[in-house]
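S.K.: Pasting a structure below so you can have a look.
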Amino acid sequence: MTRFPRSDYGALDLYRPDRRPVPVDLSDNTNRWGAHPDALAAVRSADEGTLTRYPDAYARDLHAAIQRRFGVPADTITTGCGSDDILDSTFRAAGPAGGAVHFAGPTFSMVEVLARMNGRTAVEVPWSRALADPDKLLENDPDVVYVCRPNNPTGLQAPRAWLDSLLGAAGSTGPLIVLDEAYADFAGESLVRQAPAHPRLLVVRTLSKAYGLAGCRVGFAVGSPEVAREVEKSRGPYKVSQIAARAAVAALNDADGWVPRTTSECVTNRERLSQALHERGLTPLPSCANFVFLPVAKGSAHAWNLALRDRGVAVRPFSDLCEAGDGLRISMAPWPMLERFLGALDQVIEKGIEQGAMLTGARSDPQTAGSAG
């Protein structure tokens, strides 16, 4: 009998994003305003021991910084090598292999992959059905219900009343509700402080977006002490390097308010870009994140992407998403970069119109698949 590899890994493949360098890269939702300056200073001042010795097994200094920043008890926090690591550990801890992870789709593409990696079935509930009735996510007794709020890649935000209804339905013995708040800094609303009081809620955050530390790979989550402990056990020790922890602590302290300043500019540019797209007769979805999702004609997302890349601009194409179809996700950046994008977009639109190409499909009405409540 062949024991390696696992038979259910057959459908998995390596993650292969298109990261070929271009002058203006708006494809990955990282912080285009740069790294947090205090984090950069902390990395530059690191001594030899920071590299030669193992880090603290469970990143206690980072726990303390999160505790100060968000006002939650230390025993409700778990950390990891990016929020992906937290999700991976949570899915592993949630129950024996063979259970299910339910999610409202379309959403973060790694959720299905991480579920399969941990021997779980990934079940997608169309976003509009889940928003109409949160109980749809609880049918057939899943181990985990995953909700991304604001959602990636659409930017839509499930209403707070809907989320409260889902948590109420899960109760104290239902599935673990994993609330991914990777983009919450750009939405002005978070459940981090409330998470310790909910026995079946884990709020997951990242320092890759608003804090500018994607290269450090630092994530954390907050839940009840019992939930946080089980995820921490599943994760294992030494997942956050000393360099990454130093940078993260400095960024979380945010001594001069760099995070709210850059976040505010990001939100302003998001609304400005959405308006510019509407003025071109296009129909972006309303967004609460640090990106805008622009629906395009069926089958045309990759053509749009290649045409924009030919003009020095990278965006993230998505094809055949549940309910949302094809689209382009455009990460926010300082306005001169977005002006470069708009210039390239205008050229592509003009060429598409001249050739009668499918690229003009972005002018059709999108399937909004929810509301940005």
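Here's how to read the names in the structure tokens: chain A, B, ... by the order shown, residue numbers from 1 in each chain, ligand numbers from 1 in the order shown.
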List as a PDB file with C-alpha atoms, in the first residue's frame the protein and nucleic acid residues near Arg205 of chain A, meaning an atom at most 12 Å away when only C-alpha atoms are counted, but skip any in the same chain fewer than 4 places from it.

M.R.:
ATOM      1  CA  ILE A  66      -1.048  42.874  21.573  1.00  0.00           C
ATOM      2  CA  PHE A  70      -6.144  45.918  22.013  1.00  0.00           C
ATOM      3  CA  ILE A  77      -4.029  35.630  22.621  1.00  0.00           C
ATOM      4  CA  THR A  78      -2.281  33.242  20.258  1.00  0.00           C
ATOM      5  CA  THR A  79       0.301  34.179  17.642  1.00  0.00           C
ATOM      6  CA  GLY A  80       1.741  32.614  14.524  1.00  0.00           C
ATOM      7  CA  CYS A  81       3.727  32.906  11.328  1.00  0.00           C
ATOM      8  CA  GLY A  82       1.120  35.041   9.578  1.00  0.00           C
ATOM      9  CA  SER A  83      -2.639  34.682   9.880  1.00  0.00           C
ATOM     10  CA  ASP A  84      -2.455  31.643   7.546  1.00  0.00           C
ATOM     11  CA  ASP A  85      -0.556  29.832  10.304  1.00  0.00           C
ATOM     12  CA  ILE A  86      -3.269  30.718  12.807  1.00  0.00           C
ATOM     13  CA  LEU A  87      -5.974  29.394  10.453  1.00  0.00           C
ATOM     14  CA  CYS A 148     -13.804  36.983   6.346  1.00  0.00           C
ATOM     15  CA  ARG A 149     -14.903  40.478   7.412  1.00  0.00           C
ATOM     16  CA  PRO A 150     -14.310  42.595   5.343  1.00  0.00           C
ATOM     17  CA  VAL A 178     -13.409  31.944  12.921  1.00  0.00           C
ATOM     18  CA  LEU A 179     -13.669  35.642  12.082  1.00  0.00           C
ATOM     19  CA  ASP A 180     -10.834  36.722   9.795  1.00  0.00           C
ATOM     20  CA  GLU A 181     -10.245  40.448  10.331  1.00  0.00           C
ATOM     21  CA  ALA A 182      -7.194  40.833   8.099  1.00  0.00           C
ATOM     22  CA  TYR A 183      -8.726  44.037   6.673  1.00  0.00           C
ATOM     23  CA  ALA A 184     -10.587  45.339   9.730  1.00  0.00           C
ATOM     24  CA  ASP A 185      -8.237  48.316  10.119  1.00  0.00           C
ATOM     25  CA  SER A 190     -13.504  44.986  14.975  1.00  0.00           C
ATOM     26  CA  LEU A 191     -14.602  42.291  17.418  1.00  0.00           C
ATOM     27  CA  VAL A 192     -11.137  41.746  18.909  1.00  0.00           C
ATOM     28  CA  LYS A 209      -1.665  44.971   5.844  1.00  0.00           C
ATOM     29  CA  ALA A 210      -2.111  48.131   7.930  1.00  0.00           C
ATOM     30  CA  TYR A 211       1.174  47.614   9.815  1.00  0.00           C
ATOM     31  CA  ARG A 217       4.839  36.996   8.562  1.00  0.00           C
ATOM     32  CA  VAL A 218       3.205  37.829  11.896  1.00  0.00           C
ATOM     33  CA  GLY A 219      -0.388  36.986  12.746  1.00  0.00           C
ATOM     34  CA  PHE A 220      -2.350  36.745  15.956  1.00  0.00           C
ATOM     35  CA  ALA A 221      -5.783  35.752  17.176  1.00  0.00           C
ATOM     36  CA  VAL A 222      -7.954  36.486  20.190  1.00  0.00           C
ATOM     37  CA  GLY A 223     -10.571  34.204  21.723  1.00  0.00           C
TER      38      GLY A 223
END

S.K.: Which residues, written as an MDAnalysis selection string, have at least one atom at most 10 Å from segment 102-104 of chain A, with only C-alpha atoms counted and residues fewer than 6 positions away on the same chain left out?

M.R.: chainID A and resid 111:112 115 121:131 134 136:148 151 175 177:178 322

S.K.: What would the file look like if the residues just selected were written as a compact mmCIF listing (two decimals), in the first residue's frame with N, CA and C atoms?

M.R.:
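Output (again21.txt):
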# COMPACT_ATOMS: atom_id res chain seq x y z
N VAL A 111 -8.49 29.26 2.45
CA VAL A 111 -9.34 28.56 3.42
C VAL A 111 -9.62 27.14 2.97
N GLU A 112 -10.00 26.97 1.72
CA GLU A 112 -10.27 25.63 1.20
C GLU A 112 -9.02 24.78 1.22
N ALA A 115 -8.17 23.76 4.83
CA ALA A 115 -9.12 22.73 5.28
C ALA A 115 -8.70 21.36 4.77
N THR A 121 -13.32 18.57 5.05
CA THR A 121 -14.08 18.92 3.86
C THR A 121 -14.37 20.41 3.88
N ALA A 122 -14.12 21.08 2.77
CA ALA A 122 -14.42 22.51 2.64
C ALA A 122 -15.75 22.67 1.92
N VAL A 123 -16.69 23.35 2.56
CA VAL A 123 -18.04 23.52 2.00
C VAL A 123 -18.32 25.01 1.80
N GLU A 124 -18.51 25.39 0.55
CA GLU A 124 -18.79 26.79 0.21
C GLU A 124 -20.30 27.02 0.16
N VAL A 125 -20.76 28.00 0.91
CA VAL A 125 -22.15 28.45 0.86
C VAL A 125 -22.16 29.79 0.12
N PRO A 126 -22.90 29.92 -0.97
CA PRO A 126 -22.89 31.19 -1.71
C PRO A 126 -23.17 32.38 -0.78
N TRP A 127 -22.42 33.45 -0.98
CA TRP A 127 -22.47 34.62 -0.11
C TRP A 127 -23.90 35.13 0.08
N SER A 128 -24.66 35.24 -1.00
CA SER A 128 -26.01 35.80 -0.89
C SER A 128 -26.91 34.90 -0.04
N ARG A 129 -26.76 33.57 -0.14
CA ARG A 129 -27.55 32.65 0.69
C ARG A 129 -27.15 32.75 2.15
N ALA A 130 -25.84 32.85 2.40
CA ALA A 130 -25.38 32.96 3.78
C ALA A 130 -25.83 34.27 4.41
N LEU A 131 -25.79 35.37 3.63
CA LEU A 131 -26.22 36.66 4.16
C LEU A 131 -27.72 36.68 4.42
N PRO A 134 -27.98 33.19 8.11
CA PRO A 134 -26.70 32.68 8.65
C PRO A 134 -26.76 31.23 9.07
N LYS A 136 -27.57 28.85 7.35
CA LYS A 136 -27.09 28.03 6.24
C LYS A 136 -25.64 27.59 6.46
N LEU A 137 -24.87 28.42 7.16
CA LEU A 137 -23.47 28.08 7.42
C LEU A 137 -23.33 27.02 8.51
N LEU A 138 -24.40 26.79 9.28
CA LEU A 138 -24.35 25.86 10.40
C LEU A 138 -24.96 24.50 10.08
N GLU A 139 -25.54 24.37 8.89
CA GLU A 139 -26.20 23.11 8.54
C GLU A 139 -25.19 21.96 8.47
N ASN A 140 -25.60 20.79 8.84
CA ASN A 140 -24.79 19.56 8.78
C ASN A 140 -23.60 19.59 9.74
N ASP A 141 -23.70 20.42 10.78
CA ASP A 141 -22.80 20.34 11.93
C ASP A 141 -21.31 20.45 11.56
N PRO A 142 -20.86 21.56 11.00
CA PRO A 142 -19.42 21.72 10.72
C PRO A 142 -18.63 21.89 12.02
N ASP A 143 -17.33 21.63 11.94
CA ASP A 143 -16.44 21.91 13.08
C ASP A 143 -16.10 23.39 13.15
N VAL A 144 -15.98 24.03 11.98
CA VAL A 144 -15.56 25.43 11.89
C VAL A 144 -16.43 26.15 10.87
N VAL A 145 -16.80 27.39 11.21
CA VAL A 145 -17.40 28.29 10.22
C VAL A 145 -16.45 29.47 10.07
N TYR A 146 -16.01 29.70 8.84
CA TYR A 146 -15.06 30.78 8.56
C TYR A 146 -15.78 31.95 7.91
N VAL A 147 -15.54 33.15 8.45
CA VAL A 147 -16.10 34.37 7.88
C VAL A 147 -14.98 35.39 7.77
N CYS A 148 -14.80 35.93 6.57
CA CYS A 148 -13.80 36.98 6.35
C CYS A 148 -14.55 38.32 6.34
N ASN A 151 -14.59 41.09 3.50
CA ASN A 151 -14.31 39.88 2.75
C ASN A 151 -13.23 40.10 1.68
N PRO A 175 -20.28 25.02 16.33
CA PRO A 175 -18.97 25.10 15.69
C PRO A 175 -18.20 26.34 16.13
N ILE A 177 -16.57 29.68 15.41
CA ILE A 177 -16.70 30.72 14.40
C ILE A 177 -15.35 31.43 14.29
N VAL A 178 -14.70 31.29 13.16
CA VAL A 178 -13.41 31.94 12.92
C VAL A 178 -13.67 33.20 12.11
N CYS A 322 -17.62 32.21 -7.19
CA CYS A 322 -19.01 31.95 -6.81
C CYS A 322 -19.77 33.27 -6.75

S.K.: Write out as a PyMOL selection string all residues of segment 120-238 of chain A that DSSP puts in strand (DSSP E or B) for this structure's backbone.

M.R.: chain A and resi 121-126+144-148+176-180+201-206+219-223

S.K.: Skipping near chain neighbours, those fewer than 3 positions away, what residues fall within 7 Å of Gly312 of chain A using only C-alpha atoms, listed as a PyMOL selection string?

M.R.: chain A and resi 22-24+308-309

S.K.: Just C-alpha atoms for this one: save the residues we selected as an mmCIF file, in the first residue's frame.

M.R.:
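Full text of result_14.cif as output:
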data_model
loop_
_atom_site.group_PDB
_atom_site.id
_atom_site.type_symbol
_atom_site.label_atom_id
_atom_site.label_comp_id
_atom_site.auth_asym_id
_atom_site.auth_seq_id
_atom_site.Cartn_x
_atom_site.Cartn_y
_atom_site.Cartn_z
ATOM 1 C CA VAL A 22 6.366 45.568 -12.705
ATOM 2 C CA PRO A 23 6.746 49.306 -11.991
ATOM 3 C CA VAL A 24 3.359 49.504 -10.221
ATOM 4 C CA LEU A 308 -2.434 45.930 -17.719
ATOM 5 C CA ARG A 309 0.879 44.128 -17.096
#

S.K.: Need the shell around Ala248 of chain A: protein/DNA/RNA residues with any atom at most 8 Å away, counting only C-alpha atoms. Skip same-chain ones fewer than 6 positions apart. Format as an MDAnalysis selection string?

M.R.: chainID A and resid 39 62 207 213 218

S.K.: Please produce an output containing N, CA, C and O atoms for each residue in the selection, written as a PDB file, in the first residue's frame.

M.R.:
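Final file, out17.pdb:
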ATOM      1  N   ALA A  39       9.207  49.690  13.143  1.00  0.00           N
ATOM      2  CA  ALA A  39       9.568  48.288  12.934  1.00  0.00           C
ATOM      3  C   ALA A  39      10.888  48.193  12.172  1.00  0.00           C
ATOM      4  O   ALA A  39      11.748  47.350  12.493  1.00  0.00           O
ATOM      5  N   LEU A  62       5.509  39.696  22.245  1.00  0.00           N
ATOM      6  CA  LEU A  62       4.482  40.019  21.259  1.00  0.00           C
ATOM      7  C   LEU A  62       3.090  39.936  21.894  1.00  0.00           C
ATOM      8  O   LEU A  62       2.233  40.789  21.642  1.00  0.00           O
ATOM      9  N   LEU A 207      -0.490  41.430  10.742  1.00  0.00           N
ATOM     10  CA  LEU A 207       0.283  42.664  10.665  1.00  0.00           C
ATOM     11  C   LEU A 207       0.819  42.904   9.252  1.00  0.00           C
ATOM     12  O   LEU A 207       1.658  43.770   9.033  1.00  0.00           O
ATOM     13  N   LEU A 213       3.976  44.835   7.509  1.00  0.00           N
ATOM     14  CA  LEU A 213       4.965  43.814   7.870  1.00  0.00           C
ATOM     15  C   LEU A 213       4.719  42.481   7.165  1.00  0.00           C
ATOM     16  O   LEU A 213       4.958  41.418   7.732  1.00  0.00           O
ATOM     17  N   VAL A 218       3.675  37.838  10.511  1.00  0.00           N
ATOM     18  CA  VAL A 218       3.205  37.829  11.896  1.00  0.00           C
ATOM     19  C   VAL A 218       1.686  37.924  11.907  1.00  0.00           C
ATOM     20  O   VAL A 218       1.108  38.854  11.333  1.00  0.00           O
TER      21      VAL A 218
END

S.K.: Give the helix (DSSP H, G or I) residues of segment 137-335 of chain A, as DSSP finds them on the backbone, and put them as a compact mmCIF listing (two decimals) with N, CA, C and O atoms, in the first residue's frame.

M.R.:
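Now in result.txt:
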# COMPACT_ATOMS: atom_id res chain seq x y z
N LEU A 137 -24.87 28.42 7.16
CA LEU A 137 -23.47 28.08 7.42
C LEU A 137 -23.33 27.02 8.51
O LEU A 137 -22.27 26.42 8.66
N LEU A 138 -24.40 26.79 9.28
CA LEU A 138 -24.35 25.86 10.40
C LEU A 138 -24.96 24.50 10.08
O LEU A 138 -24.88 23.58 10.90
N ARG A 160 -23.01 43.80 11.09
CA ARG A 160 -22.76 43.36 12.47
C ARG A 160 -23.94 42.56 13.00
O ARG A 160 -23.76 41.56 13.71
N ALA A 161 -25.17 42.99 12.68
CA ALA A 161 -26.35 42.25 13.17
C ALA A 161 -26.36 40.83 12.64
O ALA A 161 -26.77 39.89 13.35
N TRP A 162 -25.90 40.64 11.41
CA TRP A 162 -25.82 39.30 10.83
C TRP A 162 -24.82 38.45 11.61
O TRP A 162 -25.08 37.28 11.92
N LEU A 163 -23.67 39.05 11.91
CA LEU A 163 -22.64 38.31 12.64
C LEU A 163 -23.13 37.95 14.04
O LEU A 163 -22.90 36.83 14.52
N ASP A 164 -23.81 38.87 14.70
CA ASP A 164 -24.36 38.57 16.03
C ASP A 164 -25.35 37.41 15.95
O ASP A 164 -25.40 36.56 16.85
N SER A 165 -26.14 37.38 14.88
CA SER A 165 -27.11 36.29 14.71
C SER A 165 -26.39 34.96 14.52
O SER A 165 -26.80 33.94 15.09
N LEU A 166 -25.31 34.95 13.76
CA LEU A 166 -24.53 33.73 13.55
C LEU A 166 -23.94 33.24 14.87
O LEU A 166 -24.00 32.05 15.19
N LEU A 167 -23.36 34.16 15.65
CA LEU A 167 -22.78 33.77 16.94
C LEU A 167 -23.85 33.26 17.89
O LEU A 167 -23.63 32.29 18.62
N GLY A 168 -25.01 33.89 17.86
CA GLY A 168 -26.10 33.42 18.71
C GLY A 168 -26.56 32.04 18.35
O GLY A 168 -26.84 31.20 19.22
N ALA A 169 -26.63 31.76 17.04
CA ALA A 169 -27.06 30.44 16.58
C ALA A 169 -26.02 29.37 16.93
O ALA A 169 -26.37 28.22 17.22
N ALA A 170 -24.74 29.72 16.89
CA ALA A 170 -23.68 28.76 17.24
C ALA A 170 -23.71 28.44 18.72
O ALA A 170 -23.36 27.33 19.15
N ALA A 184 -9.72 44.58 8.83
CA ALA A 184 -10.59 45.34 9.73
C ALA A 184 -10.08 46.75 9.98
O ALA A 184 -10.88 47.66 10.25
N ASP A 185 -8.78 46.98 9.89
CA ASP A 185 -8.24 48.32 10.12
C ASP A 185 -8.78 49.33 9.12
O ASP A 185 -8.80 50.52 9.40
N PHE A 186 -9.23 48.85 7.97
CA PHE A 186 -9.72 49.75 6.92
C PHE A 186 -11.24 49.86 6.94
O PHE A 186 -11.83 50.57 6.13
N ALA A 195 -14.03 39.35 21.66
CA ALA A 195 -13.81 37.92 21.41
C ALA A 195 -13.63 37.08 22.68
O ALA A 195 -14.16 35.96 22.76
N PRO A 196 -12.90 37.54 23.71
CA PRO A 196 -12.71 36.67 24.89
C PRO A 196 -14.00 36.27 25.58
O PRO A 196 -14.04 35.24 26.26
N ALA A 197 -15.07 37.04 25.40
CA ALA A 197 -16.34 36.74 26.07
C ALA A 197 -17.17 35.71 25.33
O ALA A 197 -18.15 35.20 25.90
N ALA A 214 4.27 42.51 5.92
CA ALA A 214 3.99 41.26 5.21
C ALA A 214 5.22 40.37 5.13
O ALA A 214 5.12 39.14 5.20
N GLY A 215 6.40 40.96 4.98
CA GLY A 215 7.62 40.17 4.87
C GLY A 215 8.03 39.51 6.17
O GLY A 215 8.84 38.58 6.16
N CYS A 216 7.51 39.97 7.29
CA CYS A 216 7.84 39.38 8.59
C CYS A 216 6.96 38.18 8.93
O CYS A 216 7.33 37.37 9.78
N PRO A 225 -9.87 32.09 26.72
CA PRO A 225 -8.62 31.42 27.11
C PRO A 225 -8.57 29.96 26.66
O PRO A 225 -7.50 29.47 26.26
N GLU A 226 -9.70 29.26 26.71
CA GLU A 226 -9.73 27.85 26.31
C GLU A 226 -9.46 27.69 24.82
O GLU A 226 -8.68 26.81 24.41
N VAL A 227 -10.07 28.53 23.99
CA VAL A 227 -9.85 28.45 22.55
C VAL A 227 -8.42 28.84 22.21
O VAL A 227 -7.73 28.15 21.43
N ALA A 228 -7.93 29.94 22.78
CA ALA A 228 -6.57 30.40 22.48
C ALA A 228 -5.54 29.33 22.86
O ALA A 228 -4.57 29.10 22.12
N ARG A 229 -5.75 28.66 23.99
CA ARG A 229 -4.79 27.64 24.44
C ARG A 229 -4.75 26.46 23.46
O ARG A 229 -3.68 25.95 23.13
N GLU A 230 -5.91 26.02 22.99
CA GLU A 230 -5.93 24.87 22.08
C GLU A 230 -5.27 25.21 20.75
O GLU A 230 -4.57 24.37 20.16
N VAL A 231 -5.48 26.42 20.25
CA VAL A 231 -4.83 26.83 19.00
C VAL A 231 -3.32 26.94 19.21
O VAL A 231 -2.52 26.52 18.36
N GLU A 232 -2.91 27.49 20.36
CA GLU A 232 -1.49 27.62 20.68
C GLU A 232 -0.82 26.24 20.75
O GLU A 232 0.28 26.04 20.24
N LYS A 233 -1.50 25.28 21.33
CA LYS A 233 -0.96 23.91 21.39
C LYS A 233 -0.83 23.32 20.00
O LYS A 233 0.16 22.66 19.67
N SER A 234 -1.83 23.54 19.18
CA SER A 234 -1.81 23.00 17.82
C SER A 234 -0.71 23.64 16.98
O SER A 234 -0.11 22.99 16.12
N ARG A 235 -0.46 24.89 17.22
CA ARG A 235 0.54 25.64 16.45
C ARG A 235 1.97 25.17 16.73
O ARG A 235 2.79 25.06 15.84
N GLN A 242 12.64 35.94 16.18
CA GLN A 242 12.99 37.09 17.02
C GLN A 242 12.94 38.39 16.23
O GLN A 242 12.45 39.42 16.72
N ILE A 243 13.43 38.37 15.00
CA ILE A 243 13.40 39.57 14.16
C ILE A 243 11.96 40.01 13.93
O ILE A 243 11.61 41.19 14.06
N ALA A 244 11.11 39.06 13.56
CA ALA A 244 9.72 39.38 13.30
C ALA A 244 9.02 39.90 14.55
O ALA A 244 8.24 40.86 14.49
N ALA A 245 9.29 39.28 15.70
CA ALA A 245 8.65 39.72 16.94
C ALA A 245 9.08 41.13 17.31
O ALA A 245 8.26 41.95 17.75
N ARG A 246 10.37 41.44 17.15
CA ARG A 246 10.85 42.80 17.45
C ARG A 246 10.15 43.82 16.57
O ARG A 246 9.70 44.88 17.03
N ALA A 247 10.06 43.52 15.29
CA ALA A 247 9.40 44.44 14.36
C ALA A 247 7.93 44.60 14.73
O ALA A 247 7.39 45.72 14.71
N ALA A 248 7.27 43.51 15.05
CA ALA A 248 5.84 43.55 15.36
C ALA A 248 5.57 44.34 16.63
O ALA A 248 4.60 45.13 16.68
N VAL A 249 6.37 44.15 17.65
CA VAL A 249 6.18 44.90 18.90
C VAL A 249 6.31 46.39 18.64
O VAL A 249 5.49 47.20 19.11
N ALA A 250 7.32 46.79 17.88
CA ALA A 250 7.52 48.22 17.57
C ALA A 250 6.33 48.78 16.79
O ALA A 250 5.86 49.89 17.06
N ALA A 251 5.85 48.01 15.80
CA ALA A 251 4.73 48.48 14.99
C ALA A 251 3.45 48.59 15.82
O ALA A 251 2.68 49.54 15.67
N LEU A 252 3.21 47.62 16.69
CA LEU A 252 2.01 47.65 17.53
C LEU A 252 2.04 48.81 18.52
O LEU A 252 1.01 49.40 18.83
N ASN A 253 3.21 49.15 19.02
CA ASN A 253 3.32 50.30 19.92
C ASN A 253 2.98 51.60 19.17
O ASN A 253 2.41 52.52 19.74
N TRP A 258 1.63 56.28 13.05
CA TRP A 258 1.82 56.00 11.62
C TRP A 258 0.67 55.16 11.06
O TRP A 258 0.20 55.40 9.94
N VAL A 259 0.18 54.19 11.84
CA VAL A 259 -0.87 53.29 11.34
C VAL A 259 -2.16 54.06 11.02
O VAL A 259 -2.68 53.94 9.91
N PRO A 260 -2.72 54.83 11.94
CA PRO A 260 -3.95 55.54 11.57
C PRO A 260 -3.76 56.56 10.44
O PRO A 260 -4.68 56.77 9.65
N ARG A 261 -2.59 57.17 10.34
CA ARG A 261 -2.35 58.13 9.25
C ARG A 261 -2.39 57.44 7.90
O ARG A 261 -3.08 57.91 6.97
N THR A 262 -1.66 56.34 7.76
CA THR A 262 -1.61 55.67 6.46
C THR A 262 -2.93 54.96 6.16
O THR A 262 -3.36 54.91 5.01
N THR A 263 -3.57 54.45 7.20
CA THR A 263 -4.87 53.80 7.00
C THR A 263 -5.91 54.80 6.50
O THR A 263 -6.69 54.51 5.60
N SER A 264 -5.89 55.99 7.08
CA SER A 264 -6.83 57.04 6.66
C SER A 264 -6.61 57.41 5.21
O SER A 264 -7.56 57.57 4.43
N GLU A 265 -5.35 57.56 4.81
CA GLU A 265 -5.06 57.88 3.40
C GLU A 265 -5.49 56.75 2.48
O GLU A 265 -6.01 56.98 1.38
N CYS A 266 -5.30 55.52 2.92
CA CYS A 266 -5.71 54.36 2.14
C CYS A 266 -7.22 54.38 1.90
O CYS A 266 -7.69 54.17 0.77
N VAL A 267 -7.99 54.64 2.94
CA VAL A 267 -9.46 54.68 2.81
C VAL A 267 -9.88 55.82 1.89
O VAL A 267 -10.77 55.65 1.04
N THR A 268 -9.24 56.98 2.03
CA THR A 268 -9.55 58.11 1.15
C THR A 268 -9.29 57.75 -0.31
O THR A 268 -10.12 58.02 -1.20
N ASN A 269 -8.16 57.09 -0.57
CA ASN A 269 -7.82 56.71 -1.94
C ASN A 269 -8.74 55.62 -2.48
O ASN A 269 -9.05 55.58 -3.67
N ARG A 270 -9.21 54.75 -1.59
CA ARG A 270 -10.16 53.71 -1.99
C ARG A 270 -11.45 54.35 -2.53
O ARG A 270 -11.96 53.95 -3.59
N GLU A 271 -11.96 55.33 -1.81
CA GLU A 271 -13.18 55.99 -2.25
C GLU A 271 -12.93 56.82 -3.52
O GLU A 271 -13.77 56.87 -4.41
N ARG A 272 -11.76 57.43 -3.58
CA ARG A 272 -11.41 58.24 -4.76
C ARG A 272 -11.27 57.37 -6.00
O ARG A 272 -11.75 57.72 -7.08
N LEU A 273 -10.64 56.20 -5.84
CA LEU A 273 -10.50 55.30 -6.98
C LEU A 273 -11.86 54.75 -7.41
O LEU A 273 -12.15 54.67 -8.61
N SER A 274 -12.69 54.38 -6.44
CA SER A 274 -14.02 53.87 -6.79
C SER A 274 -14.79 54.91 -7.60
O SER A 274 -15.45 54.58 -8.60
N GLN A 275 -14.70 56.17 -7.19
CA GLN A 275 -15.38 57.23 -7.93
C GLN A 275 -14.82 57.37 -9.34
O GLN A 275 -15.57 57.52 -10.32
N ALA A 276 -13.49 57.29 -9.47
CA ALA A 276 -12.86 57.39 -10.80
C ALA A 276 -13.31 56.24 -11.71
O ALA A 276 -13.50 56.44 -12.92
N LEU A 277 -13.49 55.06 -11.15
CA LEU A 277 -13.95 53.92 -11.94
C LEU A 277 -15.40 54.13 -12.37
O LEU A 277 -15.77 53.86 -13.52
N HIS A 278 -16.23 54.62 -11.45
CA HIS A 278 -17.62 54.91 -11.81
C HIS A 278 -17.69 55.96 -12.92
O HIS A 278 -18.53 55.86 -13.83
N GLU A 279 -16.82 56.96 -12.86
CA GLU A 279 -16.82 58.00 -13.88
C GLU A 279 -16.46 57.45 -15.26
O GLU A 279 -16.80 58.06 -16.28
N ALA A 301 -10.93 38.06 -17.16
CA ALA A 301 -10.07 38.58 -16.09
C ALA A 301 -8.59 38.47 -16.45
O ALA A 301 -7.82 39.42 -16.23
N HIS A 302 -8.19 37.34 -17.00
CA HIS A 302 -6.76 37.17 -17.29
C HIS A 302 -6.33 38.01 -18.48
O HIS A 302 -5.19 38.48 -18.55
N ALA A 303 -7.24 38.27 -19.41
CA ALA A 303 -6.92 39.18 -20.51
C ALA A 303 -6.71 40.59 -19.99
O ALA A 303 -5.78 41.29 -20.41
N TRP A 304 -7.58 41.04 -19.10
CA TRP A 304 -7.38 42.33 -18.45
C TRP A 304 -6.02 42.38 -17.76
O TRP A 304 -5.27 43.35 -17.89
N ASN A 305 -5.72 41.35 -16.99
CA ASN A 305 -4.48 41.32 -16.22
C ASN A 305 -3.26 41.43 -17.13
O ASN A 305 -2.35 42.22 -16.87
N LEU A 306 -3.24 40.65 -18.20
CA LEU A 306 -2.09 40.68 -19.11
C LEU A 306 -1.97 42.02 -19.80
O LEU A 306 -0.86 42.55 -19.98
N ALA A 307 -3.11 42.60 -20.19
CA ALA A 307 -3.08 43.89 -20.87
C ALA A 307 -2.55 44.98 -19.94
O ALA A 307 -1.78 45.86 -20.38
N LEU A 308 -2.94 44.94 -18.68
CA LEU A 308 -2.43 45.93 -17.72
C LEU A 308 -0.95 45.70 -17.43
O LEU A 308 -0.16 46.65 -17.33
N ARG A 309 -0.54 44.43 -17.32
CA ARG A 309 0.88 44.13 -17.10
C ARG A 309 1.74 44.63 -18.25
O ARG A 309 2.86 45.10 -18.04
N TRP A 335 -1.65 57.91 -4.16
CA TRP A 335 -2.40 58.26 -5.36
C TRP A 335 -1.58 58.26 -6.65
O TRP A 335 -2.11 57.84 -7.70

S.K.: Atom CA of Arg311 of chain A and atom CA of Arg340 of chain A are how many Å apart?

M.R.: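 Separating atom CA of Arg311 of chain A from atom CA of Arg340 of chain A is a distance of 9.3 Å.
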
S.K.: Atom CA of Asn29 of chain A and atom CA of Gly343 of chain A, how far apart in Å?

M.R.: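 Spanning atom CA of Gly343 of chain A to atom CA of Asn29 of chain A is a straight-line distance of 20.2 Å.
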
S.K.: Could you jot down the atom CA of Ala255 of chain A to atom CA of Arg69 of chain A separation for me, Å, one decimal place?

M.R.: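 So the two atoms, atom CA of Ala255 of chain A and atom CA of Arg69 of chain A, lie 11.2 Å apart.
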
S.K.: Given the choices A:Ser331, A:Ser224, A:Gln194, A:Thr154, which gets closest to Pro284 of chain A if the distance is worked out from only C-alpha atoms?

M.R.: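 Ranking A:Ser331, A:Ser224, A:Gln194, A:Thr154 by distance to Pro284 of chain A, first place goes to A:Thr154.
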
S.K.: Under the rule that only C-alpha atoms are counted, which of A:Ser287, A:Ser27, A:Ser45, A:Asn118 is the nearest residue to Ile330 of chain A?

M.R.: A:Ser27

S.K.: With distances taken over only C-alpha atoms, which residue among A:Tyr238, A:Phe91, A:Phe341, A:Phe318 lies nearest Ala59 of chain A?

M.R.: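 Using only C-alpha atoms, Ala59 of chain A sits closest to A:Tyr238.
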